[in-house]
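As provided, start24.cif (mmCIF, C-alpha atoms and all ligand atoms) reads as follows.
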```
data_protein
#
loop_
_atom_site.label_atom_id
_atom_site.label_comp_id
_atom_site.auth_asym_id
_atom_site.auth_seq_id
_atom_site.Cartn_x
_atom_site.Cartn_y
_atom_site.Cartn_z
CA MET A 262 -18.66 9.78 11.50
CA PRO A 263 -15.52 11.18 13.22
CA GLN A 264 -14.21 8.98 15.99
CA ALA A 265 -11.45 9.53 18.53
CA ALA A 266 -8.54 7.12 18.19
CA ALA A 267 -8.73 6.28 21.91
CA ASP A 268 -12.38 5.23 21.58
CA LEU A 269 -11.65 3.12 18.54
CA LEU A 270 -8.78 1.50 20.40
CA ARG A 271 -11.07 0.70 23.31
CA GLU A 272 -13.53 -1.14 21.07
CA PHE A 273 -10.82 -2.42 18.73
CA ASP A 274 -11.92 -6.06 18.79
CA SER A 275 -15.50 -5.36 17.80
CA TRP A 276 -14.34 -2.89 15.15
CA VAL A 277 -12.13 -5.62 13.67
CA GLY A 278 -15.16 -7.90 13.72
CA ARG A 279 -17.22 -5.36 11.78
CA GLU A 280 -14.59 -4.54 9.14
CA GLN A 281 -12.70 -7.82 8.89
CA LYS A 282 -14.68 -9.59 6.17
CA ARG A 283 -14.73 -6.55 3.89
CA VAL A 284 -11.01 -5.91 4.39
CA TYR A 285 -10.13 -9.56 3.81
CA LEU A 286 -12.21 -9.77 0.62
CA LEU A 287 -10.63 -6.56 -0.66
CA CYS A 288 -7.17 -8.03 0.00
CA LEU A 289 -8.19 -11.31 -1.61
CA ARG A 290 -9.41 -9.60 -4.77
CA MET A 291 -6.34 -7.40 -4.92
CA LEU A 292 -3.80 -10.17 -4.27
CA GLN A 293 -5.77 -13.14 -5.66
CA GLU A 294 -4.14 -15.54 -3.20
CA ALA A 295 -6.04 -16.64 -0.10
CA GLU A 296 -3.04 -17.17 2.18
CA GLU A 297 -1.39 -13.91 1.27
CA ALA A 298 -4.70 -12.07 1.59
CA ASP A 299 -5.09 -13.50 5.10
CA MET A 300 -1.64 -12.20 6.10
CA ALA A 301 -2.32 -8.84 4.45
CA ALA A 302 -5.63 -8.44 6.28
CA GLN A 303 -3.91 -9.22 9.59
CA ASP A 304 -1.17 -6.70 8.76
CA CYS A 305 -3.82 -4.03 8.10
CA PHE A 306 -5.32 -4.35 11.57
CA LEU A 307 -1.89 -4.55 13.18
CA LYS A 308 -0.86 -1.32 11.45
CA ALA A 309 -4.13 0.28 12.52
CA HIS A 310 -3.61 -0.83 16.12
CA ARG A 311 -0.05 0.52 16.14
CA ALA A 312 -1.18 3.87 14.72
CA LEU A 313 -4.06 4.15 17.20
CA THR A 314 -1.76 3.30 20.12
CA ALA A 315 0.79 5.88 19.03
CA LYS A 316 -1.69 8.71 18.48
CA GLN A 317 -4.60 8.26 20.80
CA ASN A 318 -5.55 11.94 20.81
CA ILE A 319 -6.28 12.22 17.08
CA GLU A 320 -9.73 12.11 15.50
CA LEU A 321 -10.50 9.85 12.57
CA ASP A 322 -12.97 11.29 10.07
CA ASP A 323 -14.04 7.90 8.81
CA PRO A 324 -12.43 4.79 10.34
CA SER A 325 -13.91 2.61 7.60
CA LYS A 326 -12.30 4.67 4.87
CA TRP A 327 -9.07 4.77 6.88
CA ILE A 328 -8.77 0.97 7.16
CA THR A 329 -9.66 0.68 3.46
CA ARG A 330 -6.78 3.01 2.65
CA ILE A 331 -4.43 0.93 4.83
CA ALA A 332 -5.66 -2.22 3.08
CA VAL A 333 -5.16 -0.89 -0.44
CA ASN A 334 -1.67 0.41 0.39
CA THR A 335 -0.72 -2.86 2.10
CA CYS A 336 -1.80 -4.79 -0.98
CA LEU A 337 -0.04 -2.41 -3.39
CA ASP A 338 3.16 -2.83 -1.34
CA ARG A 339 2.85 -6.59 -1.44
CA LEU A 340 2.15 -6.56 -5.18
CA ARG A 341 5.17 -4.33 -5.77
CA SER A 342 7.44 -6.56 -3.70
CA ARG A 343 6.49 -9.61 -5.71
CA SER A 344 6.20 -7.83 -9.03
CA TRP A 345 8.29 -10.45 -10.81
CA LYS A 346 5.84 -13.10 -9.65
CA LEU A 347 2.88 -10.98 -10.65
CA TRP A 348 4.45 -10.39 -14.03
CA ARG A 349 4.76 -14.13 -14.43
CA ARG A 350 1.14 -14.66 -13.43
CA ARG A 351 -0.37 -11.79 -15.39
CA PRO A 352 -1.98 -13.23 -18.50
CA SER A 353 -0.43 -12.56 -21.87
CA HIS A 354 -2.50 -10.97 -24.62
CA GLU A 355 -3.33 -14.47 -25.86
CA ASP A 356 -4.52 -15.50 -22.39
CA GLU A 357 -6.60 -12.36 -22.15
CA ALA A 358 -8.27 -13.29 -25.42
CA VAL A 359 -9.11 -16.73 -23.98
CA ILE A 360 -10.54 -15.18 -20.79
CA LEU A 361 -12.66 -12.81 -22.82
CA ALA A 362 -13.81 -15.56 -25.18
CA ASN A 363 -14.86 -17.67 -22.18
CA ALA A 364 -16.63 -14.68 -20.75
CA ALA A 365 -18.67 -14.29 -23.92
CA GLU A 366 -19.16 -18.03 -24.41
CA GLU A 367 -22.49 -18.53 -22.76
CA SER A 368 -25.36 -16.37 -21.69
CA PRO A 369 -27.24 -18.27 -19.01
CA CYS A 370 -30.31 -17.02 -17.22
CA ALA A 371 -29.35 -13.88 -15.36
CA GLU A 372 -31.89 -14.53 -12.62
CA SER A 373 -30.18 -17.60 -11.19
CA GLN A 374 -27.96 -17.29 -8.14
CA ALA A 375 -25.62 -19.90 -9.64
CA PHE A 376 -25.12 -17.62 -12.61
CA ALA A 377 -24.30 -14.71 -10.32
CA GLN A 378 -21.66 -16.83 -8.56
CA GLN A 379 -20.28 -18.11 -11.84
CA ILE A 380 -20.00 -14.66 -13.33
CA SER A 381 -18.50 -13.37 -10.10
CA ALA A 382 -15.81 -16.07 -10.17
CA ARG A 383 -15.02 -15.23 -13.80
CA LEU A 384 -14.88 -11.56 -13.00
CA GLU A 385 -12.44 -12.18 -10.15
CA ALA A 386 -10.23 -14.22 -12.46
CA ALA A 387 -10.38 -11.48 -15.08
CA LEU A 388 -9.14 -8.92 -12.54
CA ALA A 389 -5.66 -10.26 -13.30
CA MET A 390 -5.88 -8.41 -16.61
CA LEU A 391 -6.00 -5.09 -14.82
CA SER A 392 -3.03 -3.12 -13.57
CA GLU A 393 -2.72 -2.79 -9.79
CA ARG A 394 -4.28 0.67 -9.68
CA GLN A 395 -7.01 -0.17 -12.18
CA ARG A 396 -7.86 -3.18 -10.03
CA ALA A 397 -8.00 -1.15 -6.82
CA VAL A 398 -10.20 1.50 -8.45
CA PHE A 399 -12.54 -1.08 -9.97
CA LEU A 400 -12.87 -3.17 -6.78
CA LEU A 401 -13.70 -0.19 -4.60
CA ARG A 402 -16.55 0.69 -6.97
CA HIS A 403 -17.82 -2.75 -7.92
CA TYR A 404 -17.80 -4.35 -4.47
CA GLU A 405 -18.04 -1.36 -2.15
CA ASP A 406 -19.98 1.08 -4.35
CA ARG A 407 -17.70 3.97 -3.42
CA LYS A 408 -17.89 7.35 -5.14
CA LEU A 409 -14.97 8.25 -7.43
CA GLU A 410 -14.10 11.13 -5.06
CA GLU A 411 -13.85 8.69 -2.16
CA ILE A 412 -11.71 6.31 -4.21
CA ALA A 413 -9.44 9.22 -5.10
CA GLU A 414 -9.09 10.04 -1.41
CA ILE A 415 -8.36 6.44 -0.45
CA LEU A 416 -5.76 6.00 -3.18
CA ASP A 417 -4.34 9.50 -2.84
CA LEU A 418 -4.97 10.25 -6.53
CA ASP A 419 -6.92 13.03 -8.21
CA VAL A 420 -10.41 12.27 -9.45
CA GLY A 421 -9.40 12.62 -13.10
CA THR A 422 -6.79 9.89 -12.71
CA VAL A 423 -9.26 7.63 -10.95
CA LYS A 424 -11.72 8.18 -13.80
CA ALA A 425 -9.07 7.29 -16.36
CA HIS A 426 -8.15 4.08 -14.48
CA MET A 427 -11.84 3.18 -14.17
CA ALA A 428 -12.58 3.78 -17.85
CA ARG A 429 -9.67 1.54 -18.84
CA ALA A 430 -10.72 -1.16 -16.36
CA VAL A 431 -14.34 -1.13 -17.57
CA ALA A 432 -13.18 -1.27 -21.20
CA LYS A 433 -10.97 -4.30 -20.48
CA LEU A 434 -13.81 -6.09 -18.67
CA ARG A 435 -16.49 -5.03 -21.14
CA LEU A 436 -17.52 -8.49 -22.31
CA LEU A 437 -17.71 -9.87 -18.79
CA LEU A 438 -19.73 -6.91 -17.64
CA ARG A 439 -22.16 -7.40 -20.53
CA ASP A 440 -22.65 -10.96 -19.29
CA LEU A 441 -23.02 -9.88 -15.72
CA TYR A 442 -25.63 -7.26 -16.47
CA GLY A 443 -27.34 -9.25 -19.20
CA GLU A 444 -29.77 -7.84 -21.68
CA LEU A 445 -31.54 -4.75 -20.55
CA ARG A 446 -34.95 -3.73 -21.57
CA MET B 98 -33.94 0.81 -28.09
CA ASN B 99 -34.77 4.44 -28.67
CA GLY B 100 -31.77 6.44 -29.91
CA ASN B 101 -32.29 9.00 -27.15
CA HIS B 102 -31.83 6.46 -24.38
CA TRP B 103 -28.42 5.40 -23.20
CA THR B 104 -27.03 2.21 -24.72
CA ASN B 105 -26.51 -0.77 -22.42
CA ASP B 106 -22.77 -0.10 -22.32
CA GLU B 107 -23.41 3.52 -21.40
CA VAL B 108 -25.64 2.45 -18.49
CA VAL B 109 -22.89 0.08 -17.31
CA ASP B 110 -20.31 2.87 -17.66
CA HIS B 111 -22.56 5.11 -15.58
CA LEU B 112 -22.67 2.44 -12.89
CA TYR B 113 -18.89 2.70 -12.66
CA GLY B 114 -18.86 6.50 -12.69
CA VAL B 115 -17.57 6.90 -16.23
CA GLY B 116 -20.82 7.17 -18.19
CA PRO B 117 -22.00 10.03 -20.43
CA GLU B 118 -22.27 13.38 -18.70
CA ASP B 119 -25.34 14.59 -20.56
CA GLY B 120 -27.58 14.41 -17.48
CA HIS B 121 -29.96 12.03 -19.29
CA GLU B 122 -30.36 9.80 -16.22
CA ARG B 123 -31.95 12.69 -14.31
CA GLU B 124 -34.64 13.27 -16.92
CA CYS B 125 -35.43 9.75 -18.11
CA ALA B 126 -37.41 7.48 -15.80
CA GLU B 127 -36.73 4.47 -17.98
CA CYS B 128 -32.95 4.85 -17.81
CA GLN B 129 -33.20 5.53 -14.07
CA TRP B 130 -34.99 2.24 -13.72
CA ARG B 131 -32.32 0.44 -15.80
CA ILE B 132 -29.62 1.84 -13.51
CA VAL B 133 -31.45 0.62 -10.40
CA GLU B 134 -31.87 -2.81 -11.93
CA LEU B 135 -28.17 -3.05 -12.75
CA GLN B 136 -27.20 -1.90 -9.29
CA ALA B 137 -29.31 -4.68 -7.78
CA ARG B 138 -27.70 -7.20 -10.10
CA ARG B 139 -24.24 -6.00 -9.17
CA GLU B 140 -25.03 -6.26 -5.46
CA ALA B 141 -26.35 -9.79 -5.91
CA ALA B 142 -23.22 -10.85 -7.77
CA ALA B 143 -20.85 -9.12 -5.35
CA SER B 144 -22.39 -10.65 -2.25
CA GLY B 145 -21.88 -14.21 -3.44
CA ASP B 146 -18.45 -14.61 -1.81
CA ALA B 147 -18.33 -17.19 0.92
CA VAL B 148 -16.05 -16.53 3.88
CA THR B 149 -16.75 -18.91 6.72
CA ALA B 150 -17.30 -17.73 10.28
CA GLY B 151 -14.58 -20.16 11.38
CA PHE B 152 -12.02 -18.58 9.09
CA LEU B 153 -12.88 -15.10 10.32
CA ARG B 154 -12.70 -16.23 13.94
CA SER B 155 -9.24 -17.75 13.52
CA GLN B 156 -8.08 -14.62 11.68
CA ARG B 157 -9.28 -12.48 14.62
CA LEU B 158 -7.38 -14.76 17.00
CA ALA B 159 -4.24 -14.41 14.86
CA ILE B 160 -4.56 -10.61 14.90
CA ALA B 161 -5.03 -10.54 18.68
CA GLY B 162 -2.07 -12.92 19.07
CA ARG B 163 0.22 -10.75 16.96
CA ILE B 164 -0.81 -7.59 18.84
CA GLU B 165 -0.13 -9.32 22.16
CA ALA B 166 3.23 -10.70 20.91
CA ARG B 167 4.33 -7.21 19.93
CA ARG B 168 3.23 -5.79 23.29
CA MET B 169 5.27 -8.47 25.12
CA GLU B 170 8.25 -7.81 22.88
CA LEU B 171 8.17 -4.10 23.72
CA GLN B 172 7.73 -4.80 27.42
CA ALA B 173 10.64 -7.26 27.43
CA TRP B 174 12.85 -4.68 25.77
CA TRP B 175 12.10 -2.05 28.40
CA ARG B 176 12.44 -4.51 31.27
CA THR B 177 15.80 -5.96 30.28
CA PRO B 178 18.97 -4.26 31.66
CA VAL B 179 20.56 -4.64 28.22
CA TRP B 180 18.87 -1.48 27.04
CA VAL B 181 20.58 0.46 29.85
CA ALA B 182 24.00 -0.68 28.64
CA VAL B 183 23.08 0.08 25.02
CA MET B 184 21.76 3.54 25.91
CA ALA B 185 24.90 4.28 28.00
CA ALA B 186 27.18 3.22 25.14
CA LEU B 187 25.13 5.32 22.75
CA ALA B 188 25.33 8.33 25.10
CA LEU B 189 29.12 7.93 25.31
CA VAL B 190 29.50 7.79 21.56
CA LEU B 191 27.24 10.78 21.08
CA SER B 192 28.90 12.88 23.80
CA ALA B 193 32.47 12.23 22.56
CA PRO B 194 33.80 15.54 21.15
CA ARG B 195 34.98 14.21 17.81
CA PRO B 196 35.95 17.49 16.10
CA ALA B 197 37.87 18.54 19.24
CA ARG B 198 39.81 15.27 19.17
CA GLU B 199 40.76 15.84 15.55
CA ALA B 200 41.94 19.30 16.47
CA THR B 201 44.15 17.83 19.24
CA VAL B 202 45.73 15.37 16.84
CA ALA B 203 46.27 18.09 14.30
CA GLY B 204 47.67 20.30 17.08
CA GLY B 205 50.06 17.54 18.10
CA LEU B 206 51.34 17.26 14.56
CA ASN B 207 51.83 20.99 14.41
CA LEU B 208 53.77 20.94 17.69
CA ALA B 209 56.11 18.23 16.40
CA GLN B 210 56.67 20.09 13.16
CA ASP B 211 57.29 23.34 15.06
CA ALA B 212 59.85 21.68 17.36
CA GLU B 213 61.71 20.28 14.34
CA MET B 214 61.73 23.69 12.70
CA TYR B 215 62.96 25.44 15.88
CA LEU B 216 65.73 22.83 16.23
CA GLU B 217 66.83 23.44 12.65
CA ILE B 218 66.82 27.20 13.18
CA TYR B 219 68.78 26.77 16.43
CA GLN B 220 71.30 24.49 14.74
CA SER B 221 71.77 26.84 11.80
CA ILE B 222 72.28 29.80 14.13
CA SER B 223 74.69 27.97 16.45
CA SER B 224 76.70 26.58 13.53
CA GLU B 225 79.66 28.71 12.43
CA GLU B 226 79.19 28.05 8.77
CA PRO B 227 76.19 27.80 6.49
CA ARG B 228 74.52 24.37 6.71
CA ALA B 229 74.82 23.91 2.98
CA LEU B 230 78.61 23.66 3.32
CA ALA B 231 78.63 21.02 6.06
CA PRO B 232 78.50 17.97 3.74
CA MET B 233 81.59 19.31 1.92
CA HIS B 234 83.79 18.70 5.01
CA GLY B 235 83.25 15.01 4.63
CA LEU B 236 85.14 15.07 1.34
CA PHE B 237 88.30 16.46 2.89
CA GLU B 238 88.26 14.63 6.17
CA GLU B 239 90.98 12.07 6.60
CA GLN B 240 89.85 8.56 7.04
ZN ZN A 501 -33.40 7.09 -21.26
#
```
Could you express the structure from this file as structure tokens?
Amino acid sequence: MPQAAADLLREFDSWVGREQKRVYLLCLRMLQEAEEADMAAQDCFLKAHRALTAKQNIELDDPSKWITRIAVNTCLDRLRSRSWKLWRRRPSHEDEAVILANAAEESPCAESQAFAQQISARLEAALAMLSERQRAVFLLRHYEDRKLEEIAEILDLDVGTVKAHMARAVAKLRLLLRDLYGELR
Amino acid sequence: MNGNHWTNDEVVDHLYGVGPEDGHERECAECQWRIVELQARREAAASGDAVTAGFLRSQRLAIAGRIEARRMELQAWWRTPVWVAVMAALALVLSAPRPAREATVAGGLNLAQDAEMYLEIYQSISSEEPRALAPMHGLFEEQ
């Protein structure tokens, strides 16, 4: 739904309230550090406010997609600026094997909410195995159910590249995903 | 499972937009149902994250505080007379005709060189003998 920047600025506080949790969780899953995700989420809304103040006469096609794009770029910038740290934290091939082995370890009842939370926590930990772009692509689909075309637009990539990132991400998380989705009939 | 149906991995791939592109999901009710079931499971797992209302409230306050701080900062900058002095200095620097000044310096050098040359010409004309001979006199002058 297109919205004028001036209108969005007028109801900025309630818009923040509507988008805040989603933006924060996206930052948290991208950055995997609560404090940094908090700062990143704040930065996103500050950037949005600055842009809206500067260009009040523009129309935004989809404010939700726009703030998502700001969030992903903010996180990618932060990840790039601490790449040495990320490199240190990214699991080695041996660590990846351990994560995957743990993922395959048990197959509890898929119906239980505790299982969903447990698998979700493991999935979030396993996101560290993905490259920054693979992670962004995967998160936008898994948690926000966005179409690949939308993800391409948000990340400023072509759909083919998004597909390639997604295929690699799904392949890396295969065992976890099998656990998450359990046995199908 | 029937060989014609998608495998479990293929259904999962489809859920992430990278499944087979054979159109099977449009024709097969059973696979359609499997997709719906997986989607529900994914939603259940993805919604399990707990973010407290208190945390979100304090984050909103922090955002509002930072926006207000920036607004005050901008206002203070425009209110202070310092910016007038800075702008005036900047205007002076920008309006100074730098290439013209270089030309003046270069012109000055040329003038000095010209004067020296004219003096030499004048001296050589007013002298009764060629300048090249002048040092020779020194040799025969009595001390
Ligand atoms: Zn089928």
Polymer residues at most 12 Å from stretch 134-143 of chain B, only C-alpha atoms, same-chain spacing of 3 or more positions, as a ChimeraX atom specification: /A:283,286-287,290,371-385,400-406,438-446 /B:105-113,127-131,146-147
At a cut-off of 7 Å and counting only C-alpha atoms and all ligand atoms, what residues surround ligand ZN 501 (chain A)? Please answer as a list in words.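 So the residues close to ligand ZN 501 (chain A) are Asn101, His102, Trp103, His121, Glu122, Cys125, Ala126, Glu127 and Cys128 of chain B.
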What lies within 10 Å of A:Phe306 using only C-alpha atoms, ignoring chain neighbours under 4 positions off, as a VMD selection string? (chain A and resid 273 to 274 276 to 277 280 to 281 284 301 to 302 310 to 312 328 331 to 332) or (chain B and resid 157 160 to 161 164)
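The gap separating atom CA of A:Ala295 from atom CA of A:Arg339 is 13.5 Å, in Å to one decimal.
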How big is the axis-aligned box, and where does its centre sit, when it encloses all atoms of stretch 119-134 of chain B listed in the file and has 8 Å added on every side, reported in Å to one decimal as lines of an AutoDock Vina configuration file?
```
center_x = -31.4
center_y = 5.9
center_z = -15.5
size_x = 28.1
size_y = 33.4
size_z = 26.2
```
Would you mind listing what lies within 12 Å of A:Lys316 as a ChimeraX atom specification, with all atoms listed in the file counted and same-chain residues fewer than 5 positions away left out? /A:265-270,309-311,321
Find the distance between atom CA of A:Lys433 and atom CA of B:Arg123 and write it in Å to one decimal. 27.7 Å
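Among the candidate residues A:Arg330, A:Arg394, A:Lys308, A:Arg343, the one lying nearest to chain B is A:Lys308, with distances computed using only C-alpha atoms.
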Find the distance between atom CA of B:Arg176 and atom CA of A:Asn318 and write it in Å to one decimal.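 These two atoms are separated by 26.5 Å.
Distance check against chain B using all atoms listed in the file: of A:Arg271, A:Arg341, A:Lys326, A:Lys424, the minimum falls on A:Lys424.
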